[in-house]
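Shown next, in structure tokens, is the structure this report addresses.
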Amino acid sequence: MSLVELIAQADERGLAASGLACLDRCVPLLGGDDEVLRPLWANLAAGGDPAEWGGLLEQARSKLGVAEIVDDEDIEDEAALLARRMLAAAPAVRSAAEARIWADACSVASLQIHRLLDPAEDDVSSAGALPQALNSVRAGGAPATGRTTGMSPLVAAELRRQVSVLELLAGHGVGGLRRALEVSTEGRRVLRAVVSRRARGKA
């Protein structure tokens, strides 16, 4: 199935995990450490209380300094802005309806972030057209079919991770959560290295 189809069929836990995983991989852009979102992951595990989700979310926002979102013209780094918006848009209540909207938005935002940061893609002048193009990728570029031709390396890898997380939760339920976290952790390490190289290049 395509990524769009997987999101459409996912349950509440799968959707929350999908959005959280996208955000987790982009934590390096927010200046956070690797454990900052771990309480939210734990909340999705067996025994986690959905009523505590909102409080844990606010704690994460406080640690990452996401008090408000600035306008595009006030920020130089579009990738960091997209990451902040992902966190700001996270639903305070763990419901399937709200989680589906968030997971879908996080999917596009994370793919766009990886497109902006990919060193193989230097021309970001068409960034405004990216969401439409990336939606096409999500709808028809499922890695299981091998249709990643033409995508930049970081985008193709991120697409594979997004699909993997949703497939793990769909196939194993709460039992797939640990592996989903491992997939996300791997992606975060990759993005942290990319962000580090980018910072050195600007120095």
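Here, A, B, ... name the chains of the structure tokens in the order displayed, residue numbers run from 1 inside each chain, and ligands are numbered from 1 in the same displayed order.
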- [ ] Show which residues sit within 12 Å of Arg61 of chain A, as a list in words. Count only C-alpha atoms, and ignore same-chain residues fewer than 4 positions away.
- [x] Leu23, Val27, Leu30, Gly31, Gly32, Val36, Leu37, Leu40, Gly54, Gly55, Leu56, Leu57, Gly65, Val66, Ala67, Glu68, Ile69, Ala83, Arg84, Arg85, Met86, Leu87, Ala88, Ala89, Ala90 and Ala92 of chain A
Task: Residue contacts of Ile101 of chain A (12 Å, only C-alpha atoms) excluding same-chain residues fewer than 3 positions away, as number ranges by chain - done: A: 4, 7-8, 10, 12, 15-16, 18-19, 86, 89-91, 94-98, 104-108
For the residues selected in the previous step, produce a file with C-alpha atoms as a PDB file, in the first residue's frame.
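After the write, out25.pdb holds the following:
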```pdb
ATOM      1  CA  VAL A   4      -1.502   7.680   1.956  1.00  0.00           C
ATOM      2  CA  ILE A   7      -2.463   6.496   7.013  1.00  0.00           C
ATOM      3  CA  ALA A   8      -6.093   6.187   5.906  1.00  0.00           C
ATOM      4  CA  ALA A  10      -4.294   3.153  10.565  1.00  0.00           C
ATOM      5  CA  GLU A  12      -5.389   5.723  16.731  1.00  0.00           C
ATOM      6  CA  LEU A  15      -1.514   7.354  13.661  1.00  0.00           C
ATOM      7  CA  ALA A  16      -0.098   8.849  16.853  1.00  0.00           C
ATOM      8  CA  SER A  18       3.384   7.841  12.800  1.00  0.00           C
ATOM      9  CA  GLY A  19       3.186  11.545  13.642  1.00  0.00           C
ATOM     10  CA  MET A  86       4.817  19.743  13.670  1.00  0.00           C
ATOM     11  CA  ALA A  89       0.144  21.072  15.804  1.00  0.00           C
ATOM     12  CA  ALA A  90       0.261  17.853  17.852  1.00  0.00           C
ATOM     13  CA  PRO A  91      -3.228  17.131  19.229  1.00  0.00           C
ATOM     14  CA  ARG A  94      -5.278  11.076  21.544  1.00  0.00           C
ATOM     15  CA  SER A  95      -8.236  10.528  19.243  1.00  0.00           C
ATOM     16  CA  ALA A  96      -8.119   8.819  15.851  1.00  0.00           C
ATOM     17  CA  ALA A  97      -9.684  11.784  14.055  1.00  0.00           C
ATOM     18  CA  GLU A  98      -7.187  14.336  15.352  1.00  0.00           C
ATOM     19  CA  ASP A 104      -0.854  13.251   7.525  1.00  0.00           C
ATOM     20  CA  ALA A 105       0.532  16.760   8.045  1.00  0.00           C
ATOM     21  CA  CYS A 106       3.669  15.419   9.757  1.00  0.00           C
ATOM     22  CA  SER A 107       4.265  13.034   6.875  1.00  0.00           C
ATOM     23  CA  VAL A 108       4.337  15.827   4.305  1.00  0.00           C
TER      24      VAL A 108
END
```
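Counting only C-alpha atoms, the residue from A:Ala199, A:Arg25, A:Leu6, A:Glu58 that sits nearest to Glu186 of chain A is A:Arg25.
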- [ ] Extract the full set of helix (DSSP H, G or I) residues from segment 20-103 of chain A according to DSSP on the backbone, and format it as JSON, numbers by chain.
- [x] {"A": [20, 21, 22, 23, 24, 25, 27, 28, 29, 30, 38, 39, 40, 41, 42, 43, 44, 50, 51, 52, 53, 54, 55, 56, 57, 58, 59, 60, 61, 62, 63, 64, 72, 73, 74, 78, 79, 80, 81, 82, 83, 84, 85, 86, 87, 88, 89, 96, 97, 98, 99, 100, 101, 102, 103]}
Task: Atomic separation - atom CA of Ala79 of chain A relative to atom CA of Leu116 of chain A, Å - done: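 Atom-to-atom, atom CA of Leu116 of chain A and atom CA of Ala79 of chain A are spaced 6.6 Å apart.
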TODO: Could you give me, as a list of chain:residue names, the residues within 7 Å of Asp24 of chain A, counting only C-alpha atoms and dropping anything in the same chain fewer than 4 positions from it?
DONE: A:Leu20, A:Leu37, A:Ser184, A:Arg188
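The space between atom CA of Pro39 of chain A and atom CA of Leu3 of chain A spans 26.1 Å.
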Task: A:Arg100, A:Arg115, A:Arg192, A:Arg13 ranked by distance to Glu78 of chain A, top pick (using only C-alpha atoms) - done: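 Residue with the minimum atom-to-atom distance to Glu78 of chain A: A:Arg115.
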- [ ] Measure the distance from atom CA of Gly176 of chain A to atom CA of Gly140 of chain A in Å and round it to one decimal.
- [x]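 Answer for the atom CA of Gly176 of chain A to atom CA of Gly140 of chain A separation: 24.5 Å.
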- [ ] Tell me, as an MDAnalysis selection string, which residues lie within 12 Å of Val174 of chain A, counting only C-alpha atoms; anything in the same chain fewer than 6 positions away does not count.
- [x] chainID A and resid 11:14 16:17 41:48 165:168 180:181
